[in-house]
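**Student:** One file is attached below, start39.txt, containing compact mmCIF, C-alpha atoms.
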```txt
# COMPACT_ATOMS: atom_id res chain seq x y z
CA MET E 221 233.85 84.93 69.09
CA ARG E 222 230.07 85.21 68.99
CA ASP E 223 230.13 87.54 71.98
CA ILE E 224 232.76 89.80 70.42
CA ALA E 225 231.00 89.85 67.04
CA LEU E 226 227.65 90.73 68.61
CA ALA E 227 229.22 93.44 70.79
CA LEU E 228 231.01 95.00 67.80
CA LEU E 229 227.81 94.93 65.77
CA ILE E 230 225.67 96.55 68.46
CA PHE E 231 228.20 99.16 69.54
CA GLY E 232 228.77 99.95 65.88
CA MET E 233 225.04 100.64 65.51
CA LEU E 234 224.89 103.21 68.31
CA PRO E 235 226.10 106.29 66.34
CA PHE E 236 223.63 105.53 63.55
CA ILE E 237 220.81 105.03 66.07
CA LEU E 238 221.55 108.43 67.61
CA LYS E 239 221.22 109.96 64.15
CA ARG E 240 218.24 107.88 63.03
CA PRO E 241 216.34 106.66 66.11
CA TYR E 242 213.99 104.60 63.94
CA TRP E 243 216.92 102.25 63.40
CA GLY E 244 217.04 101.93 67.17
CA LEU E 245 213.43 100.80 67.23
CA LEU E 246 214.28 98.12 64.67
CA ALA E 247 217.36 97.07 66.66
CA TRP E 248 215.30 96.93 69.88
CA SER E 249 212.74 94.72 68.14
CA TRP E 250 215.45 92.44 66.77
CA LEU E 251 217.14 92.02 70.13
CA GLY E 252 213.85 91.65 72.00
CA TYR E 253 212.39 88.96 69.73
CA MET E 254 215.43 87.06 68.49
CA ASN E 255 217.56 87.42 71.65
CA PRO E 256 220.82 86.80 69.75
CA ASN E 257 222.81 87.31 72.96
CA ARG E 258 221.21 84.12 74.33
CA LEU E 259 222.98 82.25 71.54
CA CYS E 260 226.36 83.38 72.85
CA PHE E 261 228.48 81.78 75.58
CA GLY E 262 230.29 84.58 77.43
CA PHE E 263 229.79 88.16 78.61
CA ALA E 264 227.20 88.94 75.91
CA VAL E 265 224.65 86.55 77.40
CA SER E 266 223.81 88.70 80.42
CA PHE E 267 224.73 92.16 79.14
CA PRO E 268 221.61 94.42 78.99
CA TRP E 269 221.69 94.98 75.24
CA VAL E 270 217.97 95.71 74.91
CA GLN E 271 218.15 98.36 77.64
CA LEU E 272 221.21 99.94 76.02
CA ILE E 273 219.52 100.17 72.62
CA ALA E 274 216.33 101.54 74.20
CA ILE E 275 218.24 104.29 76.04
CA VAL E 276 220.23 105.31 72.96
CA THR E 277 217.04 105.30 70.88
CA LEU E 278 215.25 107.57 73.35
CA VAL E 279 218.23 109.94 73.47
CA GLY E 280 218.34 110.04 69.68
CA LEU E 281 214.61 110.64 69.55
CA ALA E 282 214.90 113.51 72.06
CA PHE E 283 217.35 115.36 69.78
CA SER E 284 215.72 114.30 66.53
CA LYS E 285 213.64 116.63 64.38
CA GLU E 286 211.06 113.90 63.93
CA SER E 287 207.63 114.34 65.43
CA LYS E 288 207.41 113.18 69.02
CA LYS E 289 203.64 113.22 69.13
CA ILE E 290 201.82 109.97 69.81
CA PRO E 291 198.88 109.78 67.37
CA LYS E 292 195.68 109.93 69.35
CA SER E 293 193.47 106.90 68.95
CA THR E 294 191.34 104.62 71.08
CA ILE E 295 194.20 102.11 71.15
CA SER E 296 196.84 104.62 72.31
CA VAL E 297 194.52 105.85 75.07
CA LEU E 298 193.80 102.28 76.21
CA LEU E 299 197.51 101.42 76.22
CA PHE E 300 198.20 104.43 78.43
CA LEU E 301 195.32 103.58 80.76
CA LEU E 302 196.48 99.96 81.04
CA LEU E 303 200.00 101.09 81.92
CA MET E 304 198.67 103.44 84.58
CA TRP E 305 196.22 100.91 86.00
CA THR E 306 198.85 98.19 86.33
CA GLY E 307 200.95 100.76 88.20
CA VAL E 308 198.06 101.42 90.58
CA THR E 309 197.48 97.71 91.27
CA THR E 310 201.19 97.25 91.93
CA PHE E 311 200.89 99.57 94.96
CA TYR E 312 198.50 97.01 96.47
CA ALA E 313 200.25 93.87 95.19
CA ALA E 314 200.41 90.79 97.39
CA VAL E 315 204.09 90.27 96.42
CA PRO E 316 205.43 93.85 96.18
CA ASP E 317 209.04 93.18 95.16
CA SER E 318 208.13 90.80 92.34
CA ALA E 319 205.22 92.99 91.27
CA TRP E 320 207.33 96.13 90.96
CA SER E 321 209.93 94.23 88.97
CA LYS E 322 207.26 92.92 86.59
CA TRP E 323 205.60 96.34 86.27
CA GLN E 324 208.92 97.96 85.36
CA GLU E 325 209.45 95.28 82.74
CA PHE E 326 205.95 95.86 81.34
CA ALA E 327 206.43 99.65 81.42
CA LYS E 328 209.68 99.37 79.42
CA VAL E 329 207.84 97.35 76.79
CA LEU E 330 205.01 99.89 76.54
CA ILE E 331 207.44 102.83 76.36
CA MET E 332 208.91 101.31 73.20
CA VAL E 333 205.38 100.59 71.96
CA PHE E 334 204.69 104.32 72.31
CA VAL E 335 207.93 104.98 70.41
CA THR E 336 206.55 102.69 67.71
CA LEU E 337 203.42 104.83 67.56
CA MET E 338 205.56 107.96 67.25
CA MET E 339 208.04 106.80 64.66
CA VAL E 340 206.34 104.29 62.38
CA ASN E 341 204.68 106.94 60.26
CA ASN E 342 204.74 105.58 56.72
CA ARG E 343 204.26 102.39 54.77
CA GLU E 344 207.97 101.62 54.39
CA ARG E 345 208.60 101.84 58.12
CA ILE E 346 205.73 99.48 58.82
CA HIS E 347 207.06 97.10 56.18
CA TRP E 348 210.58 97.06 57.67
CA LEU E 349 209.24 96.55 61.18
CA ILE E 350 207.27 93.52 59.96
CA TRP E 351 210.42 92.21 58.28
CA ILE E 352 212.41 92.52 61.51
CA ILE E 353 209.74 90.65 63.47
CA VAL E 354 209.53 87.89 60.86
CA VAL E 355 213.30 87.46 60.57
CA SER E 356 213.77 87.48 64.37
CA LEU E 357 211.08 84.94 65.22
CA GLY E 358 211.19 83.15 61.87
CA PHE E 359 214.76 82.20 62.69
CA TYR E 360 213.42 79.98 65.49
CA GLY E 361 210.60 78.77 63.26
CA LEU E 362 212.99 77.63 60.53
CA LYS E 363 215.56 76.32 63.01
CA GLY E 364 212.90 74.55 65.08
CA GLY E 365 211.25 73.02 62.03
CA LEU E 366 214.54 71.63 60.74
CA PHE E 367 215.36 70.35 64.24
CA THR E 368 212.00 68.58 64.42
CA VAL E 369 212.48 66.96 61.02
CA MET E 370 216.07 65.88 61.72
CA HIS E 371 215.19 64.36 65.11
CA GLY E 372 211.95 62.75 64.02
CA GLY E 373 209.93 65.00 66.31
CA ARG E 374 211.23 63.24 69.41
CA SER E 375 212.79 66.30 71.09
CA ASN E 376 211.06 69.46 72.28
CA VAL E 377 211.66 72.71 70.45
CA LEU E 378 212.38 75.52 72.90
CA GLY E 379 213.13 79.22 72.59
CA PRO E 380 216.25 81.07 73.77
CA PRO E 381 216.69 80.73 77.56
CA ASN E 382 215.66 83.54 79.91
CA SER E 383 213.53 85.25 77.28
CA PHE E 384 209.82 85.83 76.71
CA ILE E 385 209.77 82.80 74.40
CA ALA E 386 212.02 80.44 76.37
CA ASP E 387 209.13 78.13 77.27
CA ASN E 388 207.82 75.74 74.61
CA ASN E 389 204.28 77.14 74.99
CA ALA E 390 205.45 80.72 74.64
CA LEU E 391 207.52 79.90 71.56
CA ALA E 392 204.55 78.13 69.98
CA LEU E 393 202.35 81.18 70.52
CA ALA E 394 204.99 83.54 69.08
CA LEU E 395 205.40 81.35 66.00
CA CYS E 396 201.63 81.17 65.45
CA MET E 397 201.52 84.98 65.57
CA THR E 398 204.43 85.20 63.12
CA LEU E 399 202.87 82.96 60.46
CA PRO E 400 200.36 85.58 59.20
CA LEU E 401 203.14 88.19 59.06
CA MET E 402 205.12 85.83 56.84
CA ARG E 403 202.05 85.54 54.64
CA TYR E 404 201.80 89.33 54.35
CA LEU E 405 205.43 89.55 53.18
CA GLN E 406 204.84 86.70 50.77
CA LEU E 407 201.88 88.50 49.22
CA HIS E 408 203.74 91.79 48.77
CA SER E 409 207.28 90.86 47.83
CA PRO E 410 208.13 91.63 44.20
CA LEU E 411 210.85 88.95 44.25
CA ARG E 412 209.84 85.39 43.42
CA VAL E 413 212.68 83.98 45.51
CA VAL E 414 211.35 85.80 48.58
CA ARG E 415 207.82 84.54 47.97
CA ILE E 416 209.09 80.97 47.68
CA GLY E 417 211.30 81.47 50.73
CA MET E 418 208.36 82.70 52.80
CA GLY E 419 206.35 79.66 51.78
CA ILE E 420 209.17 77.39 52.96
CA ALA E 421 209.52 79.41 56.17
CA MET E 422 205.79 79.06 56.85
CA LEU E 423 206.02 75.30 56.34
CA PHE E 424 208.94 74.82 58.75
CA THR E 425 207.45 77.27 61.25
CA GLY E 426 204.27 75.21 61.32
CA ILE E 427 206.34 72.07 61.88
CA ALA E 428 208.26 73.87 64.63
CA VAL E 429 204.96 74.55 66.42
CA LEU E 430 204.31 70.82 66.33
CA GLY E 431 207.82 70.22 67.66
CA THR E 432 207.20 72.38 70.73
CA TYR E 433 204.78 69.72 72.01
CA SER E 434 202.53 72.61 73.07
CA ARG E 435 198.85 71.68 73.10
CA GLY E 436 197.88 75.34 73.24
CA GLY E 437 200.21 75.90 70.29
CA LEU E 438 198.48 73.13 68.31
CA ILE E 439 195.10 74.74 68.96
CA GLY E 440 196.51 78.10 67.90
CA LEU E 441 198.06 76.59 64.76
CA ALA E 442 194.78 75.00 63.70
CA ILE E 443 192.89 78.25 64.25
CA VAL E 444 195.54 80.28 62.41
CA ALA E 445 195.35 77.90 59.44
CA GLY E 446 191.58 78.39 59.23
CA ALA E 447 191.84 82.16 59.70
CA LEU E 448 194.53 82.44 57.03
CA PHE E 449 192.31 80.58 54.60
CA LEU E 450 189.37 82.87 55.32
CA LYS E 451 191.26 86.17 55.32
CA SER E 452 194.04 85.66 52.81
CA ARG E 453 194.04 86.21 49.06
CA ARG E 454 195.50 83.56 46.72
CA ARG E 455 194.63 80.78 49.11
CA LEU E 456 196.35 77.93 47.25
CA ALA E 457 199.69 78.60 48.98
CA VAL E 458 197.96 78.59 52.37
CA VAL E 459 196.20 75.30 51.58
CA LEU E 460 199.44 73.66 50.43
CA VAL E 461 201.32 74.69 53.59
CA ALA E 462 198.43 73.63 55.85
CA VAL E 463 198.14 70.24 54.15
CA ALA E 464 201.92 69.69 54.36
CA VAL E 465 201.97 70.52 58.09
CA GLY E 466 198.93 68.30 58.66
CA LEU E 467 200.59 65.39 56.87
CA ALA E 468 203.74 65.93 58.93
CA ALA E 469 201.70 65.80 62.13
CA TYR E 470 199.86 62.64 61.06
CA HIS E 471 202.66 60.61 59.48
CA PHE E 472 205.87 62.04 60.87
CA MET E 473 205.40 62.97 64.54
CA PRO E 474 206.14 60.13 66.99
CA PRO E 475 203.57 58.27 69.12
CA GLU E 476 204.48 60.21 72.27
CA TRP E 477 203.55 63.47 70.52
CA ALA E 478 200.21 62.01 69.40
CA ALA E 479 199.58 60.74 72.94
CA ARG E 480 200.26 64.18 74.40
CA MET E 481 198.01 65.94 71.89
CA ASP E 482 195.28 63.37 72.49
CA THR E 483 195.05 64.54 76.10
CA LEU E 484 193.22 67.61 74.74
CA HIS E 485 190.13 65.37 74.71
CA GLN E 486 190.53 64.64 78.42
CA ALA E 487 191.89 67.96 79.67
CA LYS E 488 190.21 67.68 83.05
CA GLU E 489 191.64 64.22 83.63
CA THR E 490 195.28 65.22 82.99
CA SER E 491 197.45 66.71 85.72
CA SER E 492 198.46 69.74 83.63
CA GLY E 493 194.88 70.35 82.52
CA GLU E 494 193.60 70.12 86.06
CA SER E 495 196.34 72.45 87.36
CA ARG E 496 195.40 75.00 84.70
CA ILE E 497 191.78 74.90 85.79
CA GLN E 498 192.85 75.25 89.42
CA SER E 499 194.91 78.33 88.55
CA TRP E 500 191.89 79.82 86.75
CA LYS E 501 189.75 79.26 89.84
CA PHE E 502 192.43 80.90 91.97
CA ALA E 503 192.52 83.98 89.72
CA ALA E 504 188.73 84.24 89.65
CA ASN E 505 188.52 83.97 93.46
CA VAL E 506 191.18 86.65 93.91
CA ALA E 507 189.24 88.98 91.59
CA ILE E 508 185.94 88.29 93.32
CA HIS E 509 187.43 89.19 96.71
CA HIS E 510 189.61 92.05 95.37
CA PRO E 511 187.53 93.24 92.39
CA LEU E 512 189.27 96.58 91.85
CA VAL E 513 192.99 95.92 92.16
CA GLY E 514 193.26 92.12 92.12
CA GLY E 515 196.37 90.59 93.62
CA GLY E 516 198.98 92.42 91.56
CA PHE E 517 201.65 90.94 89.32
CA ASP E 518 202.73 87.40 90.27
CA ASP E 519 200.05 87.14 92.96
CA TYR E 520 200.29 83.32 92.84
CA LEU E 521 203.67 83.62 94.58
CA SER E 522 201.91 84.81 97.74
CA THR E 523 201.47 81.77 99.96
CA PRO E 524 198.69 83.36 102.07
CA LEU E 525 196.80 84.42 98.92
CA TRP E 526 197.17 81.00 97.31
CA ASP E 527 196.09 79.20 100.47
CA ALA E 528 193.06 81.44 100.80
CA PHE E 529 191.76 81.37 97.22
CA ALA E 530 193.13 78.30 95.42
CA PRO E 531 191.19 75.00 95.37
CA ASP E 532 192.15 72.49 98.04
CA GLY E 533 195.28 70.56 97.20
CA ALA E 534 196.31 72.85 94.33
CA GLU E 535 200.02 73.55 93.87
CA PRO E 536 201.05 77.21 93.31
CA ARG E 537 201.67 77.93 89.62
CA ALA E 538 201.39 80.78 87.15
CA VAL E 539 197.90 81.34 85.77
CA HIS E 540 197.88 79.77 82.30
CA SER E 541 195.43 82.08 80.56
CA ILE E 542 195.89 85.65 79.37
CA TYR E 543 192.32 86.41 80.48
CA PHE E 544 192.35 84.84 83.93
CA ARG E 545 195.86 86.13 84.59
CA VAL E 546 194.97 89.76 83.94
CA LEU E 547 191.73 89.28 85.90
CA GLY E 548 193.49 87.90 88.97
CA GLU E 549 196.42 90.31 88.85
CA GLN E 550 194.72 93.55 87.74
CA GLY E 551 191.12 93.07 88.86
CA PHE E 552 188.01 93.63 86.77
CA PRO E 553 189.10 97.12 85.56
CA GLY E 554 192.32 95.58 84.23
CA LEU E 555 190.40 92.83 82.42
CA ILE E 556 188.02 95.40 80.90
CA LEU E 557 190.96 97.48 79.63
CA PHE E 558 192.67 94.40 78.23
CA LEU E 559 189.55 93.17 76.40
CA ALA E 560 188.80 96.68 75.17
CA LEU E 561 192.33 96.83 73.74
CA MET E 562 191.78 93.58 71.83
CA PHE E 563 188.40 94.78 70.56
CA ALA E 564 189.72 98.20 69.50
CA SER E 565 192.63 96.59 67.65
CA TRP E 566 190.29 94.26 65.79
CA ARG E 567 187.94 97.11 64.88
CA SER E 568 190.84 99.24 63.70
CA CYS E 569 191.90 96.50 61.27
CA SER E 570 188.28 95.96 60.18
CA ARG E 571 188.04 99.65 59.32
CA VAL E 572 191.17 99.39 57.20
CA ARG E 573 189.84 96.33 55.40
CA LYS E 574 186.55 98.07 54.64
CA ASN E 575 188.16 101.28 53.35
CA ALA E 576 190.96 99.63 51.38
CA ARG E 577 189.08 96.67 49.93
CA ASP E 578 188.40 98.23 46.51
CA LEU E 579 191.48 100.48 46.24
CA PRO E 580 194.27 98.83 44.23
CA ASP E 581 196.92 101.15 45.65
CA GLN E 582 195.85 100.25 49.19
CA LYS E 583 195.97 96.47 48.76
CA TRP E 584 199.00 96.34 51.07
CA ALA E 585 196.99 97.93 53.90
CA TYR E 586 194.08 95.56 53.30
CA ASP E 587 196.36 92.51 53.44
CA LEU E 588 198.32 93.72 56.46
CA ALA E 589 195.12 94.48 58.38
CA SER E 590 193.86 91.00 57.53
CA MET E 591 197.06 89.33 58.69
CA LEU E 592 197.17 91.40 61.87
CA GLN E 593 193.69 90.14 62.65
CA VAL E 594 194.94 86.58 62.20
CA ALA E 595 197.84 87.33 64.57
CA LEU E 596 195.33 88.70 67.09
CA ILE E 597 193.26 85.54 66.70
CA ALA E 598 196.36 83.46 67.44
CA PHE E 599 197.11 85.51 70.54
CA MET E 600 193.54 85.43 71.83
CA ALA E 601 192.96 81.73 71.07
CA ALA E 602 196.24 80.11 72.10
CA GLY E 603 196.66 82.69 74.84
CA ALA E 604 193.51 81.37 76.52
CA PHE E 605 195.70 78.49 77.75
CA LEU E 606 199.02 80.33 78.21
CA PRO E 607 200.32 82.97 80.69
CA MET E 608 201.35 85.45 77.97
CA THR E 609 199.23 88.47 78.95
CA TYR E 610 202.18 90.89 78.78
CA PHE E 611 203.93 89.45 75.70
CA ASP E 612 205.82 92.30 74.01
CA LEU E 613 205.04 91.17 70.44
CA SER E 614 201.29 91.41 71.00
CA TYR E 615 201.53 95.04 72.13
CA GLN E 616 203.78 96.12 69.27
CA LEU E 617 201.39 94.54 66.78
CA ILE E 618 198.52 96.32 68.55
CA ALA E 619 200.41 99.57 67.92
CA VAL E 620 200.60 98.70 64.20
CA CYS E 621 196.83 98.10 64.28
CA ALA E 622 196.42 101.63 65.65
CA LEU E 623 198.64 103.09 62.93
CA LEU E 624 196.71 101.29 60.21
CA GLY E 625 193.46 102.52 61.75
CA LEU E 626 194.77 106.06 61.57
CA HIS E 627 195.73 105.37 57.97
CA ALA E 628 192.14 104.37 57.15
CA GLN E 629 190.62 107.26 59.07
CA GLU E 630 192.76 109.86 57.32
CA GLY E 631 192.45 108.51 53.82
CA GLY E 632 195.73 106.63 53.59
CA ALA E 633 198.03 109.58 53.11
CA GLN E 634 199.93 109.57 56.38
CA LEU E 635 201.27 106.04 55.99
CA THR E 636 201.84 106.13 52.26
CA GLY E 637 204.44 108.93 51.90
CA GLU E 638 207.08 109.19 49.16
CA ARG E 639 210.20 108.73 51.27
CA SER E 640 211.24 106.40 54.05
CA HIS E 641 213.32 108.85 56.08
CA GLY E 642 214.19 106.28 58.73
CA LEU E 643 216.00 104.13 56.14
CA GLY E 644 217.39 107.03 54.13
CA VAL E 645 216.12 105.45 50.90
CA ALA E 646 213.74 107.10 48.48
CA VAL E 647 210.76 104.88 47.75
CA ARG E 648 208.02 105.89 45.35
CA SER E 649 204.50 105.05 46.51
CA PRO E 650 201.14 105.14 44.78
CA PRO E 651 199.28 108.47 44.62
CA VAL E 652 197.49 109.44 47.79
CA HIS E 653 193.97 110.70 48.12
CA SER E 654 194.29 113.21 50.93
CA ALA E 655 195.86 116.54 51.62
CA LEU E 656 197.30 115.05 54.79
CA ALA E 657 200.42 114.08 52.86
CA GLU E 658 201.62 117.67 53.09
```
Show me, as structure tokens, the structure contained in the file I just sent.

**Tutor:**
Amino acid sequence: MRDIALALLIFGMLPFILKRPYWGLLAWSWLGYMNPNRLCFGFAVSFPWVQLIAIVTLVGLAFSKESKKIPKSTISVLLFLLLMWTGVTTFYAAVPDSAWSKWQEFAKVLIMVFVTLMMVNNRERIHWLIWIIVVSLGFYGLKGGLFTVMHGGRSNVLGPPNSFIADNNALALALCMTLPLMRYLQLHSPLRVVRIGMGIAMLFTGIAVLGTYSRGGLIGLAIVAGALFLKSRRRLAVVLVAVAVGLAAYHFMPPEWAARMDTLHQAKETSSGESRIQSWKFAANVAIHHPLVGGGFDDYLSTPLWDAFAPDGAEPRAVHSIYFRVLGEQGFPGLILFLALMFASWRSCSRVRKNARDLPDQKWAYDLASMLQVALIAFMAAGAFLPMTYFDLSYQLIAVCALLGLHAQEGGAQLTGERSHGLGVAVRSPPVHSALAE
């Protein structure tokens, strides 16, 4: 029944997506992050729903009267250059078949990121995109938190199988990145029930991160808690949630969880910590010997490459660090582009914060830029220990950083508009201060 219900829902969306391709972007985000088909049991599990929605969205966009221009910014240029460079390195990849498969997957993600840049052109569209992300990933935060509480923290919380967040570490990172987005919605919802609900969701999402047993996730959670306190307004709610999650970790999680987290103090002495360090050394050696193009996607799968550049006795494994992974796979130019993308995204949000700080009608932009910076912190901090370099959520949030940066640069008019055409609902917004609203 789940399969049939999901199929009817998605096929029923297609005519509306053709007419309003922005709805397709929202549907693509929902399917990509929540993976509802992975919760089914029959034909829906393996059907390419995300690809179907992406194709229909692109067809609808082609015939739509909406602007198809990608706003020019440092971030959009860097995204394009990164896509092109990863294509170049794939020509020289040590494992060609796997590399081309991974590059196609990455290219599909970035194509929809460029669609995000094209279509998310006002405040309401940004707001609904954030809602879709929060609902999709918050589902696993709430579900995982309840599961952890009901089972006394003795079972691992995992994401949907065969997805970006299937692994416990990947799910922990995604949930850490979702927490600040929940906080943004909490700050800007006019409904008290939604604000309370977001507080509860943040609490259980934090507990779910504990339940993943991910040490990188715990580091990310601690850093996110501190960043939320520093960058959020009305900090009491943040403090209450952080204290509640801390008490749950101290008094509620079982001894085996505490023992696993305690290995953070002896990372080099643990087998997983040592294997991570070995994979970092492998990636660094590959980059040193192939500085321009690296080893290509999934270079660790190449037995000759691993034997030549990995430490003696190391077992082949994925490189557990977003930085070392991009270095080993894409060479030094790829690492420079990746770091430049992170820096440009941060600066874009900083510009928004500076310009919107004292403007009451731009408080939403100030808060969203702040929370996006916290999400970036989560990605950059927890990602230092996880192989999530090409995580789709990070790139879509980077696109939102670019759109907010454009908003700050052009005086706020472009993303403030009076009507959310993609939703077909008139929404009055505060007065704008630029002729760009024309």

**Student:** Skip Gln498 in chain E itself and residues of its chain fewer than 2 positions away, then list as a compact mmCIF listing (two decimals) with C-alpha atoms, keeping the file's coordinate frame all residues within 12 Å of it, counting only C-alpha atoms.

**Tutor:**
```
# COMPACT_ATOMS: atom_id res chain seq x y z
CA LYS E 488 190.21 67.68 83.05
CA SER E 491 197.45 66.71 85.72
CA SER E 492 198.46 69.74 83.63
CA GLY E 493 194.88 70.35 82.52
CA GLU E 494 193.60 70.12 86.06
CA SER E 495 196.34 72.45 87.36
CA ARG E 496 195.40 75.00 84.70
CA TRP E 500 191.89 79.82 86.75
CA LYS E 501 189.75 79.26 89.84
CA PHE E 502 192.43 80.90 91.97
CA ALA E 503 192.52 83.98 89.72
CA ALA E 504 188.73 84.24 89.65
CA ASN E 505 188.52 83.97 93.46
CA TYR E 520 200.29 83.32 92.84
CA TRP E 526 197.17 81.00 97.31
CA PHE E 529 191.76 81.37 97.22
CA ALA E 530 193.13 78.30 95.42
CA PRO E 531 191.19 75.00 95.37
CA ASP E 532 192.15 72.49 98.04
CA GLY E 533 195.28 70.56 97.20
CA ALA E 534 196.31 72.85 94.33
CA GLU E 535 200.02 73.55 93.87
CA PRO E 536 201.05 77.21 93.31
CA ARG E 537 201.67 77.93 89.62
CA ALA E 538 201.39 80.78 87.15
CA VAL E 539 197.90 81.34 85.77
CA HIS E 540 197.88 79.77 82.30
CA SER E 541 195.43 82.08 80.56
CA PHE E 544 192.35 84.84 83.93
```

**Student:** Quick one: of E:Phe611, E:Phe261, E:Phe424, E:Tyr586, who's nearest to Ala464 in chain E, counting only C-alpha atoms?

**Tutor:**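 That would be E:Phe424, the residue with the smallest distance to Ala464 in chain E.
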
**Student:** What is the distance between CA of Ala264 in chain E and CA of Ile237 in chain E, in Å to one decimal?

**Tutor:** 19.9 Å

**Student:** Using all atoms listed in the file, can you tell me which of E:Phe359, E:Ile331, E:Ser321, E:Ser287 comes closest to Ala274 in chain E?

**Tutor:** E:Ile331

**Student:** So how far away is CA of Leu278 in chain E from CA of Lys292 in chain E, in Å?

**Tutor:**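 Going from CA of Lys292 in chain E over to CA of Leu278 in chain E, I get 20.1 Å.
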
**Student:** How many Å separate CA of Gly551 in chain E from CA of Ala314 in chain E?

**Tutor:**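 Between CA of Gly551 in chain E and CA of Ala314 in chain E the gap is 12.8 Å.
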
**Student:** Have a look at E:Trp566, E:Trp477, E:Tyr312, E:Phe558 and name the one nearest to Cys621 in chain E; count all atoms listed in the file.

**Tutor:** E:Trp566
